[in-house]
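Next up, start_32.cif (mmCIF, N, CA and C atoms):
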```
data_query
loop_
_atom_site.label_atom_id
_atom_site.label_comp_id
_atom_site.auth_asym_id
_atom_site.auth_seq_id
_atom_site.Cartn_x
_atom_site.Cartn_y
_atom_site.Cartn_z
N MET S 1 139.76 76.47 178.88
CA MET S 1 140.77 77.41 179.34
C MET S 1 141.68 76.71 180.35
N ALA S 2 142.98 76.83 180.16
CA ALA S 2 143.95 76.18 181.05
C ALA S 2 143.88 76.77 182.45
N GLN S 3 144.03 75.90 183.43
CA GLN S 3 144.03 76.32 184.83
C GLN S 3 145.31 75.81 185.49
N GLY S 4 145.79 76.52 186.51
CA GLY S 4 146.99 76.08 187.19
C GLY S 4 147.58 77.18 188.03
N ASN S 5 148.91 77.14 188.21
CA ASN S 5 149.61 78.13 189.01
C ASN S 5 150.43 79.03 188.09
N PRO S 6 150.01 80.29 187.90
CA PRO S 6 150.70 81.19 186.99
C PRO S 6 151.86 81.98 187.63
N SER S 7 152.20 81.71 188.89
CA SER S 7 153.29 82.45 189.53
C SER S 7 154.61 82.16 188.82
N PHE S 8 155.53 83.14 188.85
CA PHE S 8 156.79 83.00 188.12
C PHE S 8 157.86 83.90 188.73
N ALA S 9 159.11 83.69 188.34
CA ALA S 9 160.21 84.56 188.74
C ALA S 9 160.45 85.58 187.64
N LEU S 10 160.41 86.86 188.00
CA LEU S 10 160.71 87.95 187.08
C LEU S 10 162.21 88.20 187.14
N VAL S 11 162.89 88.10 186.00
CA VAL S 11 164.34 88.26 185.93
C VAL S 11 164.65 89.52 185.12
N ASN S 12 165.48 90.39 185.70
CA ASN S 12 165.88 91.62 185.01
C ASN S 12 167.25 91.41 184.37
N ASP S 13 167.27 91.19 183.06
CA ASP S 13 168.52 91.07 182.31
C ASP S 13 168.89 92.39 181.64
N GLY S 14 168.20 93.45 182.01
CA GLY S 14 168.46 94.76 181.42
C GLY S 14 169.49 95.55 182.22
N SER S 15 169.73 96.78 181.79
CA SER S 15 170.72 97.65 182.44
C SER S 15 170.06 98.67 183.37
N ARG S 16 168.74 98.68 183.44
CA ARG S 16 168.01 99.59 184.32
C ARG S 16 167.10 98.78 185.23
N ALA S 17 166.70 99.38 186.34
CA ALA S 17 165.77 98.73 187.25
C ALA S 17 164.38 98.62 186.62
N ILE S 18 163.67 97.55 186.97
CA ILE S 18 162.26 97.44 186.61
C ILE S 18 161.49 98.10 187.75
N ARG S 19 160.72 99.12 187.42
CA ARG S 19 160.04 99.94 188.42
C ARG S 19 158.62 99.45 188.71
N GLU S 20 157.96 98.92 187.68
CA GLU S 20 156.57 98.48 187.82
C GLU S 20 156.36 97.21 187.02
N LEU S 21 155.44 96.37 187.50
CA LEU S 21 155.00 95.19 186.76
C LEU S 21 153.49 95.06 186.89
N TYR S 22 152.85 94.94 185.76
CA TYR S 22 151.40 94.71 185.74
C TYR S 22 151.16 93.35 185.10
N ALA S 23 150.31 92.55 185.71
CA ALA S 23 149.95 91.24 185.17
C ALA S 23 148.45 91.10 185.27
N SER S 24 147.82 90.88 184.14
CA SER S 24 146.36 90.70 184.16
C SER S 24 146.00 89.53 183.27
N PRO S 25 144.96 88.79 183.66
CA PRO S 25 144.49 87.71 182.78
C PRO S 25 144.18 88.27 181.40
N THR S 26 144.47 87.50 180.37
CA THR S 26 144.25 87.94 179.00
C THR S 26 142.80 88.36 178.78
N SER S 27 141.89 87.77 179.53
CA SER S 27 140.47 88.08 179.38
C SER S 27 140.08 89.45 179.94
N SER S 28 140.99 90.10 180.69
CA SER S 28 140.70 91.38 181.32
C SER S 28 141.17 92.54 180.44
N ASN S 29 140.44 93.66 180.48
CA ASN S 29 140.85 94.86 179.76
C ASN S 29 141.54 95.86 180.67
N ASP S 30 141.84 95.47 181.90
CA ASP S 30 142.42 96.36 182.90
C ASP S 30 143.75 95.79 183.38
N TRP S 31 144.79 96.63 183.44
CA TRP S 31 146.10 96.15 183.91
C TRP S 31 146.09 95.86 185.40
N GLY S 32 145.21 96.51 186.14
CA GLY S 32 145.19 96.28 187.59
C GLY S 32 146.32 97.03 188.29
N GLU S 33 146.65 96.57 189.48
CA GLU S 33 147.65 97.26 190.30
C GLU S 33 149.07 96.85 189.94
N ASP S 34 150.02 97.72 190.30
CA ASP S 34 151.44 97.43 190.13
C ASP S 34 151.80 96.31 191.09
N ARG S 35 152.25 95.18 190.56
CA ARG S 35 152.54 94.00 191.38
C ARG S 35 153.82 94.13 192.19
N LEU S 36 154.66 95.10 191.86
CA LEU S 36 155.89 95.30 192.63
C LEU S 36 155.67 96.20 193.84
N GLY S 37 154.59 96.98 193.83
CA GLY S 37 154.35 97.90 194.94
C GLY S 37 155.50 98.89 195.06
N ARG S 38 156.12 98.95 196.24
CA ARG S 38 157.24 99.88 196.45
C ARG S 38 158.58 99.28 196.05
N ASP S 39 158.59 97.99 195.69
CA ASP S 39 159.83 97.33 195.31
C ASP S 39 160.21 97.64 193.87
N THR S 40 161.47 97.42 193.55
CA THR S 40 161.95 97.43 192.17
C THR S 40 162.82 96.19 192.00
N VAL S 41 163.07 95.82 190.76
CA VAL S 41 163.97 94.70 190.47
C VAL S 41 165.21 95.30 189.82
N PRO S 42 166.35 95.29 190.52
CA PRO S 42 167.56 95.91 189.98
C PRO S 42 168.13 95.11 188.82
N PRO S 43 169.01 95.73 188.02
CA PRO S 43 169.67 94.98 186.95
C PRO S 43 170.33 93.73 187.52
N GLY S 44 170.10 92.60 186.87
CA GLY S 44 170.66 91.33 187.35
C GLY S 44 169.85 90.68 188.45
N GLY S 45 168.79 91.34 188.90
CA GLY S 45 167.99 90.84 190.01
C GLY S 45 166.83 89.98 189.56
N ARG S 46 166.19 89.37 190.54
CA ARG S 46 165.00 88.57 190.26
C ARG S 46 164.04 88.69 191.43
N MET S 47 162.75 88.50 191.15
CA MET S 47 161.73 88.58 192.18
C MET S 47 160.63 87.58 191.84
N THR S 48 160.15 86.87 192.85
CA THR S 48 159.03 85.96 192.64
C THR S 48 157.74 86.75 192.59
N ILE S 49 156.97 86.53 191.54
CA ILE S 49 155.68 87.19 191.37
C ILE S 49 154.59 86.15 191.62
N ARG S 50 153.83 86.35 192.68
CA ARG S 50 152.78 85.40 193.02
C ARG S 50 151.45 85.88 192.45
N LEU S 51 150.85 85.03 191.65
CA LEU S 51 149.56 85.32 191.04
C LEU S 51 148.57 84.26 191.53
N PRO S 52 147.28 84.60 191.55
CA PRO S 52 146.28 83.65 192.05
C PRO S 52 146.17 82.40 191.18
N GLU S 53 145.99 81.25 191.83
CA GLU S 53 145.76 80.00 191.10
C GLU S 53 144.55 80.17 190.20
N GLY S 54 144.60 79.55 189.06
CA GLY S 54 143.46 79.63 188.14
C GLY S 54 143.93 79.84 186.72
N ALA S 55 143.55 80.99 186.15
CA ALA S 55 143.87 81.27 184.75
C ALA S 55 145.37 81.23 184.50
N CYS S 56 145.75 80.70 183.33
CA CYS S 56 147.17 80.62 182.95
C CYS S 56 147.57 81.69 181.94
N SER S 57 146.62 82.18 181.15
CA SER S 57 146.92 83.10 180.07
C SER S 57 146.90 84.55 180.59
N TYR S 58 148.08 85.18 180.55
CA TYR S 58 148.24 86.53 181.10
C TYR S 58 148.89 87.47 180.10
N ASP S 59 148.60 88.75 180.29
CA ASP S 59 149.31 89.84 179.61
C ASP S 59 150.19 90.50 180.67
N LEU S 60 151.43 90.81 180.31
CA LEU S 60 152.35 91.47 181.25
C LEU S 60 152.82 92.79 180.68
N ARG S 61 153.06 93.73 181.58
CA ARG S 61 153.61 95.04 181.21
C ARG S 61 154.65 95.40 182.26
N VAL S 62 155.89 95.63 181.84
CA VAL S 62 156.92 96.13 182.75
C VAL S 62 157.21 97.58 182.39
N VAL S 63 157.53 98.36 183.42
CA VAL S 63 157.94 99.75 183.22
C VAL S 63 159.34 99.88 183.84
N TRP S 64 160.26 100.31 183.00
CA TRP S 64 161.66 100.48 183.42
C TRP S 64 161.83 101.79 184.18
N ALA S 65 162.97 101.95 184.85
CA ALA S 65 163.26 103.15 185.63
C ALA S 65 163.23 104.42 184.79
N ASN S 66 163.52 104.30 183.48
CA ASN S 66 163.50 105.48 182.60
C ASN S 66 162.11 105.76 182.03
N GLY S 67 161.10 104.97 182.45
CA GLY S 67 159.74 105.20 182.00
C GLY S 67 159.32 104.41 180.77
N ARG S 68 160.28 103.76 180.11
CA ARG S 68 159.95 102.95 178.93
C ARG S 68 159.15 101.72 179.36
N ALA S 69 158.12 101.39 178.61
CA ALA S 69 157.27 100.24 178.94
C ALA S 69 157.42 99.16 177.87
N GLU S 70 157.27 97.93 178.30
CA GLU S 70 157.33 96.79 177.39
C GLU S 70 156.18 95.85 177.75
N GLU S 71 155.47 95.39 176.74
CA GLU S 71 154.33 94.51 176.97
C GLU S 71 154.53 93.17 176.28
N ARG S 72 154.05 92.14 176.94
CA ARG S 72 153.98 90.81 176.34
C ARG S 72 152.57 90.30 176.60
N ARG S 73 151.95 89.80 175.54
CA ARG S 73 150.54 89.42 175.65
C ARG S 73 150.34 87.93 175.34
N GLY S 74 149.31 87.36 175.96
CA GLY S 74 148.92 85.98 175.69
C GLY S 74 149.92 84.95 176.18
N LEU S 75 150.62 85.23 177.26
CA LEU S 75 151.61 84.29 177.80
C LEU S 75 150.92 83.20 178.62
N ASN S 76 151.36 81.95 178.45
CA ASN S 76 150.88 80.87 179.30
C ASN S 76 151.85 80.76 180.47
N LEU S 77 151.51 81.41 181.58
CA LEU S 77 152.42 81.46 182.73
C LEU S 77 152.47 80.16 183.50
N CYS S 78 151.53 79.26 183.27
CA CYS S 78 151.56 77.96 183.95
C CYS S 78 152.64 77.05 183.36
N GLU S 79 153.16 77.41 182.20
CA GLU S 79 154.18 76.59 181.55
C GLU S 79 155.58 77.16 181.70
N THR S 80 155.75 78.19 182.52
CA THR S 80 157.08 78.78 182.68
C THR S 80 157.36 79.06 184.15
N ASP S 81 158.62 78.92 184.54
CA ASP S 81 159.03 79.21 185.90
C ASP S 81 159.61 80.61 186.03
N GLU S 82 160.15 81.14 184.92
CA GLU S 82 160.73 82.49 184.97
C GLU S 82 160.60 83.17 183.63
N LEU S 83 160.56 84.50 183.72
CA LEU S 83 160.51 85.34 182.52
C LEU S 83 161.59 86.41 182.65
N SER S 84 162.36 86.58 181.58
CA SER S 84 163.42 87.58 181.55
C SER S 84 163.02 88.76 180.70
N PHE S 85 163.35 89.95 181.18
CA PHE S 85 163.18 91.17 180.40
C PHE S 85 164.54 91.84 180.30
N ARG S 86 164.85 92.43 179.13
CA ARG S 86 166.12 93.13 178.95
C ARG S 86 165.92 94.40 178.18
#
```
Could you render the structure as structure tokens?
Amino acid sequence: MAQGNPSFALVNDGSRAIRELYASPTSSNDWGEDRLGRDTVPPGGRMTIRLPEGACSYDLRVVWANGRAEERRGLNLCETDELSFR
């Protein structure tokens, strides 16, 4: 299993704010806590998401301001500096 630094910049290329972000290791069946907390990422904005060193393979779920959710699974976050959602 790949190990490293899975932290990345979340980029909002959409027209609505990103209200929530969940990131969990692919091996987990639980999304865990909202990584944005009280923050949101406005359209055109970006935010650094810090994840613990170790596992590289993650599943991500973003929830937009209108409640629509989008998931990406099995991402190797150690090989990317930023991820865009639109």
Query raised in the report: Written as a PyMOL selection string, which residues does the PyMOL selection byres ((chain S and resi 21-25) around 8) give for the file shown?
Result: chain S and resi 18-20+26-37+55-64+74
Requested in this report: Name every residue that the PyMOL selection byres ((chain S and resi 47) around 7) selects in this structure, writing the answer as a PyMOL selection string with chains first and numbers rising.
Outcome: chain S and resi 8-12+41+45-46+48-50
Requested in this report: From a DSSP calculation on the backbone, collect every residue of range 9-86 of chain S in strand (DSSP E or B) and output the set as a ChimeraX atom specification.
Outcome: /S:9-12,18-25,41,46-49,54-55,57-64,69-76,82-85
Query raised in the report: By how many Å are atom C of Ala2 in chain S and atom C of Ser84 in chain S apart?
Result: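 Straight-line distance from atom C of Ala2 in chain S to atom C of Ser84 in chain S works out to 22.7 Å.
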Requested in this report: Determine, counting all atoms listed in the file, which protein, DNA and RNA residues have an atom within 6 Å of an atom of Arg16 in chain S; residues of the same chain fewer than 6 positions away are not included. Present the result as a PyMOL selection string.
Outcome: chain S and resi 42-43+64-65
Output the selection as an mmCIF file, in the coordinates of the input - N, CA and C atoms for each residue.
```
data_model
loop_
_atom_site.group_PDB
_atom_site.id
_atom_site.type_symbol
_atom_site.label_atom_id
_atom_site.label_comp_id
_atom_site.auth_asym_id
_atom_site.auth_seq_id
_atom_site.Cartn_x
_atom_site.Cartn_y
_atom_site.Cartn_z
ATOM 1 N N PRO S 42 166.350 95.290 190.520
ATOM 2 C CA PRO S 42 167.560 95.910 189.980
ATOM 3 C C PRO S 42 168.130 95.110 188.820
ATOM 4 N N PRO S 43 169.010 95.730 188.020
ATOM 5 C CA PRO S 43 169.670 94.980 186.950
ATOM 6 C C PRO S 43 170.330 93.730 187.520
ATOM 7 N N TRP S 64 160.260 100.310 183.000
ATOM 8 C CA TRP S 64 161.660 100.480 183.420
ATOM 9 C C TRP S 64 161.830 101.790 184.180
ATOM 10 N N ALA S 65 162.970 101.950 184.850
ATOM 11 C CA ALA S 65 163.260 103.150 185.630
ATOM 12 C C ALA S 65 163.230 104.420 184.790
#
```
Report task. Compare S:Gly44, S:Glu53, S:Arg86, S:Asp39 by their minimum atom-to-atom distance to Ala69 in chain S, counting only C-alpha atoms, and give me the closest one. Result ->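 Using only C-alpha atoms, the shortest distance to Ala69 in chain S belongs to S:Arg86.
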Requested in this report: Identify which of the residues S:Glu71, S:Thr40, S:Asn66, S:Thr80 lies closest to Asn5 in chain S, counting all atoms listed in the file when measuring atom-to-atom distances.
Outcome: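 Closest residue, counting all atoms listed in the file: S:Thr80.
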Report task. Quote the spacing between atom C of Leu75 in chain S and atom C of Ser15 in chain S in Å to one decimal place. Result ->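 It comes out at 25.1 Å.
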Might I get the box with edges along x, y and z of the file that holds all atoms of range 25-30 of chain S listed there, padded by 6 Å on every side, given as centre and edge lengths in Å to one decimal, as AutoDock Vina command-line options?
```
--center_x 142.5 --center_y 91.9 --center_z 181.2 --size_x 16.9 --size_y 20.9 --size_z 16.9
```
Query - Between CA of Phe85 in chain S and atom N of Gln3 in chain S - distance in Å to one decimal - result: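 Separation of atom N of Gln3 in chain S and CA of Phe85 in chain S: 24.7 Å.
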Can you pull out the residues contacting Pro52 in chain S? Cut-off 7 Å, using all atoms listed in the file, and skip same-chain residues under 5 positions away; I want them as a short mmCIF file (atom, residue, chain, number, x, y, z; two decimals) with N, CA and C atoms, keeping the file's coordinate frame.
```
data_model
loop_
_atom_site.label_atom_id
_atom_site.label_comp_id
_atom_site.auth_asym_id
_atom_site.auth_seq_id
_atom_site.Cartn_x
_atom_site.Cartn_y
_atom_site.Cartn_z
N GLY S 4 145.79 76.52 186.51
CA GLY S 4 146.99 76.08 187.19
C GLY S 4 147.58 77.18 188.03
N ASN S 5 148.91 77.14 188.21
CA ASN S 5 149.61 78.13 189.01
C ASN S 5 150.43 79.03 188.09
N PRO S 6 150.01 80.29 187.90
CA PRO S 6 150.70 81.19 186.99
C PRO S 6 151.86 81.98 187.63
N SER S 7 152.20 81.71 188.89
CA SER S 7 153.29 82.45 189.53
C SER S 7 154.61 82.16 188.82
#
```
